[in-house]
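Inspection log for the structure reproduced underneath, given as structure tokens.
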Amino acid sequence: MPDADRVRLGRRQRAALTGPDQQQTWLTGRTIDFWRSFREPGLRSPHTWLRRSAGSWLPGCVFRDSALSARQVCTAFGLTTGSEASITAVARGAAGRVWCLDLGTERFAVKELFSPPDEGSVRREAAFTAHLERAGVRLAASVPGQADRFVVPVPGQAADRRLRLYRWIDGVLPDLADPGMAARIGDLLGRLHAHAPPAQVPAGDPWYDTVPALESWGHLTGAARTQSAGWAGALSARISLLADLADLVTPAPASGLITCHRDLHPDNVLAESSGALIPLDWDEAGPAIPDRELAAVLMFWHLSDQGEADSASVRRTLAAYLAAGGPGRIRDEQTFGMYLATRLNFLHRQASIALDPRTSPEHRGYAALEIADTLARLPALPLIRHLITLAAPDTG
Ligand SMILES: Nc1ncnc2c1ncn2[C@@H]1O[C@H](COP(=O)(O)OP(=O)(O)O)[C@@H](O)[C@H]1O
Ligand SMILES: [Mg+2]
């Protein structure tokens with residue numbers, strides 16, 4: 001297959017293997033544009049860049065030493081393997097890689113976690129999603145394995161290879177150009193918040209309301225330059241914006257916290273053929289102020305590649321959120337603090353991963369793509385002020 005045929009333009013970069021002989025990597029127009037702006041001299045195409053950064057064509061590299069059989073997964077989760085059972089790699093994200101396990105009559109998503117969470121936090125997550133399901137919210141629910149455990153080792157492999165299992169959702173990534181999408185995501189978030197139980201644990205995870213020290217961006221830029229990382233210049237050019245955004249991040253108030261998804265961006269939602277949006281990836285679920293998650297969803301879903309937001313779409317999301325009973329309101333710049341903290345912390349983590357000499361070529365290549373995407377999508381202060389103005393009628 002020629003390289004050009006292998007590229008599919010999707011919303012965000014993702015690596016996928018859709019069959020044994022068919023490897024595909026999706027790169028967004030945004031990521032490719034960004035790549036163009038800081039590519040290394042002599043590289044002709046994203047494919048070359050991927051090969052160099054990942055050591056080989058990315059999906060091959062991603063999955064080369066990560067083989068998983070249907071039998072292993074079935075053994076791990078106490079499922080019956082029939083002769084028709086098959087397993088296919090479908091995606092990787094920042095936290096894990098995902099396969100589709102097809103048992104003929106039933107399908108599951110299998111996720112291998114890069115850094116396994118503790119069973120206690122996964123149990124809280126499963127209790128939360130079960131609560132939402134009882135309230136009528138459809139979602140990709142977690143399936144326990146033997147002994148009722150959700151995080152299960154791969155039989156016969158290194159003990160740190162851990163899996164989770166979810167019900168398979170037959171859907172596609174949401175089409176952000178679809179005019180109906182703005183209302184659908186507002187409605188989904190409104191229902192999630194309307195049915196959310198109060199927070200089960202106090203706030204206090206610094207990921208959501210603190211940011212890396214300002215000087216750390218200079219250190220990372222210096223290290224990136226030393227290693228000739230392609231993204232060094234882009235990071236350096238945004239240090240002043242990172243400082244401005246960091247100023248808006250304040251500790252979450254101790255009261256008014258509910259249990260939230262906290263990572264409801266379009267890659268964590270699938271659209272069924274009926275148009276229904278089904279939320280996935282509850283790894284980050286935990287306490288949050290609904291105002292702050294509402295602000296994060298506006299950013300995740302409405303910030304365009306040009307750093308603008310379509311006012312009519314934002315209003316549609318806010319109206320649908322209110323109509324569904326969502327209690328959150330966009331009040332001030334600090335309402336965007338959770339979104340900004342997670343973006344800055346994510347950027348810092350991915351830059352640290354990319355620069356760590358122990359990082360494998362696969363993870364370094366992935367981290368570089370995430371750095372590009374995150375830097376390109378940092379919101380400017382006027383955009384934040386514009387969103388506050390758009391929401392003003394709702395805040396009264
Ligand atoms: N239950 C599921 N049904 C169908 N596809 C899924 C399911 N869970 C995950 N996926 C696919 O795998 C991708 C990555 O899964 P996700 O849980 O978001 O991983 P990560 O934590 O690494 O971001 C999703 O964007 C989706 O395409
Ligand atoms: Mg995800």
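Naming scheme: A, B, ... for chains in displayed order of the structure tokens; residues 1 onward per chain; ligands 1 onward as shown.
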
>> With only C-alpha atoms as the counted atoms, please give the residues lying no more than 8 Å from A:Thr335, apart from itself and same-chain residues fewer than 5 positions off, as a PyMOL selection string.
In response: chain A and resi 291-292+295+330

>> Residues contacting ligand 2 - anything with an atom at most 9 Å away, using only C-alpha atoms and all ligand atoms - can you give me those as a list in words?
In response: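 So, counting only C-alpha atoms and all ligand atoms, the residues near ligand 2 are Arg92, Gly93, Ala94, Ala95, Gly96, Asp263, Leu264, His265, Pro266, Asp267, Asn268, Val269, Leu280, Asp281, Trp282 and Asp283 of chain A.
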
For the residues in that selection, give me C-alpha atoms as a compact mmCIF listing (two decimals), in the first residue's frame.
# COMPACT_ATOMS: atom_id res chain seq x y z
CA ARG A 92 -4.21 3.92 21.10
CA GLY A 93 -4.59 6.95 23.32
CA ALA A 94 -2.34 8.60 25.86
CA ALA A 95 -3.33 6.13 28.58
CA GLY A 96 -3.59 2.82 26.78
CA ASP A 263 -12.15 14.21 30.20
CA LEU A 264 -15.16 14.61 27.91
CA HIS A 265 -13.40 15.51 24.68
CA PRO A 266 -14.56 14.25 21.28
CA ASP A 267 -12.13 11.32 21.23
CA ASN A 268 -13.82 9.99 24.35
CA VAL A 269 -17.28 9.93 22.79
CA LEU A 280 -16.22 6.33 26.90
CA ASP A 281 -12.99 6.43 28.85
CA TRP A 282 -14.01 7.12 32.43
CA ASP A 283 -10.41 6.80 33.65

May I have a table of the residues of chain A lying at most 10 Å from ligand 1, giving each one's closest pair of atoms and their distance in Å to one decimal, counting only C-alpha atoms and all ligand atoms, ordered by chain and ascending residue number, as a Markdown table?
| residue | atom | partner | partner_atom_place_in_ligand_line | distance |
| --- | --- | --- | --- | --- |
| A:Arg12 | CA | ligand 1 | 25 (O) | 9.9 |
| A:Arg14 | CA | ligand 1 | 25 (O) | 8.4 |
| A:Ala15 | CA | ligand 1 | 13 (C) | 9.6 |
| A:Ala16 | CA | ligand 1 | 12 (O) | 9.2 |
| A:Ala89 | CA | ligand 1 | 12 (O) | 9.1 |
| A:Val90 | CA | ligand 1 | 12 (O) | 6.3 |
| A:Ala91 | CA | ligand 1 | 12 (O) | 5.0 |
| A:Arg92 | CA | ligand 1 | 22 (O) | 5.4 |
| A:Gly93 | CA | ligand 1 | 22 (O) | 3.1 |
| A:Ala94 | CA | ligand 1 | 22 (O) | 4.6 |
| A:Ala95 | CA | ligand 1 | 22 (O) | 3.8 |
| A:Gly96 | CA | ligand 1 | 22 (O) | 3.9 |
| A:Arg97 | CA | ligand 1 | 22 (O) | 5.7 |
| A:Val98 | CA | ligand 1 | 12 (O) | 5.1 |
| A:Trp99 | CA | ligand 1 | 12 (O) | 7.4 |
| A:Cys100 | CA | ligand 1 | 4 (C) | 7.2 |
| A:Leu101 | CA | ligand 1 | 3 (N) | 10.0 |
| A:Arg107 | CA | ligand 1 | 3 (N) | 8.6 |
| A:Phe108 | CA | ligand 1 | 1 (N) | 6.6 |
| A:Ala109 | CA | ligand 1 | 1 (N) | 4.7 |
| A:Val110 | CA | ligand 1 | 8 (N) | 7.4 |
| A:Lys111 | CA | ligand 1 | 17 (O) | 6.9 |
| A:Glu112 | CA | ligand 1 | 22 (O) | 8.5 |
| A:Leu113 | CA | ligand 1 | 22 (O) | 7.5 |
| A:Phe114 | CA | ligand 1 | 22 (O) | 8.4 |
| A:Leu139 | CA | ligand 1 | 1 (N) | 8.2 |
| A:Ala140 | CA | ligand 1 | 1 (N) | 4.8 |
| A:Ala141 | CA | ligand 1 | 1 (N) | 7.2 |
| A:Ser142 | CA | ligand 1 | 1 (N) | 8.2 |
| A:Arg164 | CA | ligand 1 | 17 (O) | 9.7 |
| A:Leu165 | CA | ligand 1 | 1 (N) | 8.0 |
| A:Tyr166 | CA | ligand 1 | 1 (N) | 5.0 |
| A:Arg167 | CA | ligand 1 | 1 (N) | 5.1 |
| A:Trp168 | CA | ligand 1 | 3 (N) | 3.7 |
| A:Ile169 | CA | ligand 1 | 3 (N) | 3.8 |
| A:Asp170 | CA | ligand 1 | 4 (C) | 6.0 |
| A:Gly171 | CA | ligand 1 | 4 (C) | 6.9 |
| A:Val172 | CA | ligand 1 | 27 (O) | 7.4 |
| A:Leu173 | CA | ligand 1 | 27 (O) | 6.9 |
| A:Asp263 | CA | ligand 1 | 23 (O) | 9.2 |
| A:Leu264 | CA | ligand 1 | 18 (O) | 9.7 |
| A:His265 | CA | ligand 1 | 18 (O) | 9.3 |
| A:Pro266 | CA | ligand 1 | 25 (O) | 8.2 |
| A:Asp267 | CA | ligand 1 | 25 (O) | 4.6 |
| A:Asn268 | CA | ligand 1 | 18 (O) | 4.9 |
| A:Val269 | CA | ligand 1 | 25 (O) | 6.9 |
| A:Leu270 | CA | ligand 1 | 26 (C) | 7.1 |
| A:Ile278 | CA | ligand 1 | 1 (N) | 9.1 |
| A:Pro279 | CA | ligand 1 | 1 (N) | 8.8 |
| A:Leu280 | CA | ligand 1 | 8 (N) | 5.8 |
| A:Asp281 | CA | ligand 1 | 17 (O) | 3.9 |
| A:Trp282 | CA | ligand 1 | 17 (O) | 7.4 |
| A:Asp283 | CA | ligand 1 | 21 (O) | 6.6 |
| A:Glu284 | CA | ligand 1 | 21 (O) | 8.7 |

>> Applying 10 Å and only C-alpha atoms, which residues near A:Pro202 remain after dropping the ones on its own chain fewer than 6 positions away? List them as number ranges by chain.
In response: A: 254-255, 257-258, 286-288

Grab the residues selected above and save them as a CSV table (one decimal), in the first residue's frame with N, CA and C atoms.
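Output file selection13.csv is given in full below:
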chain,number,residue,atom,x,y,z
A,254,ALA,N,-14.1,24.0,47.9
A,254,ALA,CA,-14.3,22.7,48.6
A,254,ALA,C,-15.7,22.2,48.5
A,255,SER,N,-16.6,23.1,48.3
A,255,SER,CA,-18.0,22.7,48.2
A,255,SER,C,-18.6,22.8,46.8
A,257,LEU,N,-18.9,20.2,44.8
A,257,LEU,CA,-18.3,19.2,43.9
A,257,LEU,C,-19.2,18.1,43.6
A,258,ILE,N,-19.3,17.7,42.4
A,258,ILE,CA,-20.0,16.4,42.0
A,258,ILE,C,-19.1,15.5,41.3
A,286,GLY,N,-14.0,11.8,38.5
A,286,GLY,CA,-13.7,12.2,39.9
A,286,GLY,C,-14.4,13.5,40.2
A,287,PRO,N,-14.0,14.1,41.4
A,287,PRO,CA,-14.7,15.3,41.8
A,287,PRO,C,-14.4,16.5,41.0
A,288,ALA,N,-15.4,17.3,40.7
A,288,ALA,CA,-15.2,18.6,40.0
A,288,ALA,C,-16.4,19.5,40.2

>> When you count only C-alpha atoms, which of these residues is closest to A:Ser240: A:Ser352, A:Phe77, A:Ala380, A:Gly120?
In response: A:Ala380

> DSSP on the backbone: what in stretch 324-383 of chain A comes out helix (DSSP H, G or I), as a PyMOL selection string?
Replying inline: chain A and resi 333-355+361-376+381-383

Convert the current residue selection to file output with C-alpha atoms, as an mmCIF file, in the first residue's frame.
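This is the output file selection_32.cif:
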data_model
loop_
_atom_site.group_PDB
_atom_site.id
_atom_site.type_symbol
_atom_site.label_atom_id
_atom_site.label_comp_id
_atom_site.auth_asym_id
_atom_site.auth_seq_id
_atom_site.Cartn_x
_atom_site.Cartn_y
_atom_site.Cartn_z
ATOM 1 C CA GLU A 333 -12.128 33.314 33.708
ATOM 2 C CA GLN A 334 -11.418 31.023 36.663
ATOM 3 C CA THR A 335 -14.261 28.783 35.487
ATOM 4 C CA PHE A 336 -11.821 27.672 32.765
ATOM 5 C CA GLY A 337 -9.219 26.756 35.386
ATOM 6 C CA MET A 338 -9.776 23.005 35.333
ATOM 7 C CA TYR A 339 -9.490 22.848 31.547
ATOM 8 C CA LEU A 340 -6.351 24.965 31.589
ATOM 9 C CA ALA A 341 -4.730 23.016 34.432
ATOM 10 C CA THR A 342 -5.276 19.712 32.643
ATOM 11 C CA ARG A 343 -3.947 21.092 29.345
ATOM 12 C CA LEU A 344 -0.800 22.502 30.945
ATOM 13 C CA ASN A 345 -0.190 19.394 33.054
ATOM 14 C CA PHE A 346 -0.785 17.145 30.043
ATOM 15 C CA LEU A 347 1.629 19.203 27.951
ATOM 16 C CA HIS A 348 4.244 19.049 30.699
ATOM 17 C CA ARG A 349 3.826 15.291 31.068
ATOM 18 C CA GLN A 350 4.030 14.582 27.340
ATOM 19 C CA ALA A 351 7.098 16.832 26.978
ATOM 20 C CA SER A 352 8.754 15.034 29.898
ATOM 21 C CA ILE A 353 7.939 11.647 28.333
ATOM 22 C CA ALA A 354 9.297 12.758 24.948
ATOM 23 C CA LEU A 355 12.559 13.956 26.492
ATOM 24 C CA PRO A 361 10.477 5.321 20.137
ATOM 25 C CA GLU A 362 6.762 4.471 19.990
ATOM 26 C CA HIS A 363 5.872 6.523 23.031
ATOM 27 C CA ARG A 364 8.233 9.358 22.029
ATOM 28 C CA GLY A 365 6.540 9.619 18.641
ATOM 29 C CA TYR A 366 3.110 9.596 20.235
ATOM 30 C CA ALA A 367 4.126 12.206 22.817
ATOM 31 C CA ALA A 368 5.450 14.510 20.075
ATOM 32 C CA LEU A 369 2.076 14.385 18.322
ATOM 33 C CA GLU A 370 0.236 15.157 21.551
ATOM 34 C CA ILE A 371 2.593 18.067 22.271
ATOM 35 C CA ALA A 372 1.896 19.494 18.804
ATOM 36 C CA ASP A 373 -1.846 19.119 19.212
ATOM 37 C CA THR A 374 -1.938 20.579 22.726
ATOM 38 C CA LEU A 375 0.248 23.576 21.893
ATOM 39 C CA ALA A 376 -1.778 24.333 18.801
ATOM 40 C CA LEU A 381 -7.410 35.030 26.575
ATOM 41 C CA PRO A 382 -9.802 36.894 24.212
ATOM 42 C CA LEU A 383 -11.437 33.571 23.346
#

>> Could you go through stretch 179-391 of chain A and tell me which residues DSSP, when run on the backbone, assigns to strand (DSSP E), listing them as number ranges by chain?
In response: A: 258-260, 269-271, 277-279, 286-288

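Summary of the local environment: counting only C-alpha atoms, residues at most 10 Å from stretch 131-138 of chain A, other than itself and those fewer than 4 positions away along its chain, are Glu125, Ala126, Ala127, Leu188, Arg191, Leu192, His193, Ala194, His195, Ala196, Pro197, Ala276, Leu277, Ile278, Pro279 and Leu280 of chain A.
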
>> Give me, as a ChimeraX atom specification, all polymer residues having an atom no more than 10 Å from A:Leu79, counting only C-alpha atoms and skipping those fewer than 3 positions away in the same chain.
In response: /A:70-76,82,103,145-146

> Neighbours of A:Ala320 within 8 Å (only C-alpha atoms; same-chain residues fewer than 5 positions away dropped), as an MDAnalysis selection string?
Replying inline: chainID A and resid 183:184 186:187 190

Dump of C-alpha atoms for the selected residues, as a PDB file, in the first residue's frame:
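Writing done, so here's selection_15.pdb:
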ATOM      1  CA  ALA A 183     -26.825  20.483  21.104  1.00  0.00           C
ATOM      2  CA  ARG A 184     -26.138  16.767  21.496  1.00  0.00           C
ATOM      3  CA  GLY A 186     -24.682  19.946  25.659  1.00  0.00           C
ATOM      4  CA  ASP A 187     -27.563  17.579  26.314  1.00  0.00           C
ATOM      5  CA  GLY A 190     -26.403  18.285  31.161  1.00  0.00           C
TER       6      GLY A 190
END

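Nearest to A:Ala319 of all the residues A:Ala199, A:Ala224, A:Cys260, A:Ala182 is A:Ala182, based on only C-alpha atoms.
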
> Between atom CA of A:Leu387 and atom CA of A:Gly325, what is the distance, to one decimal in Å?
Replying inline: 20.2 Å
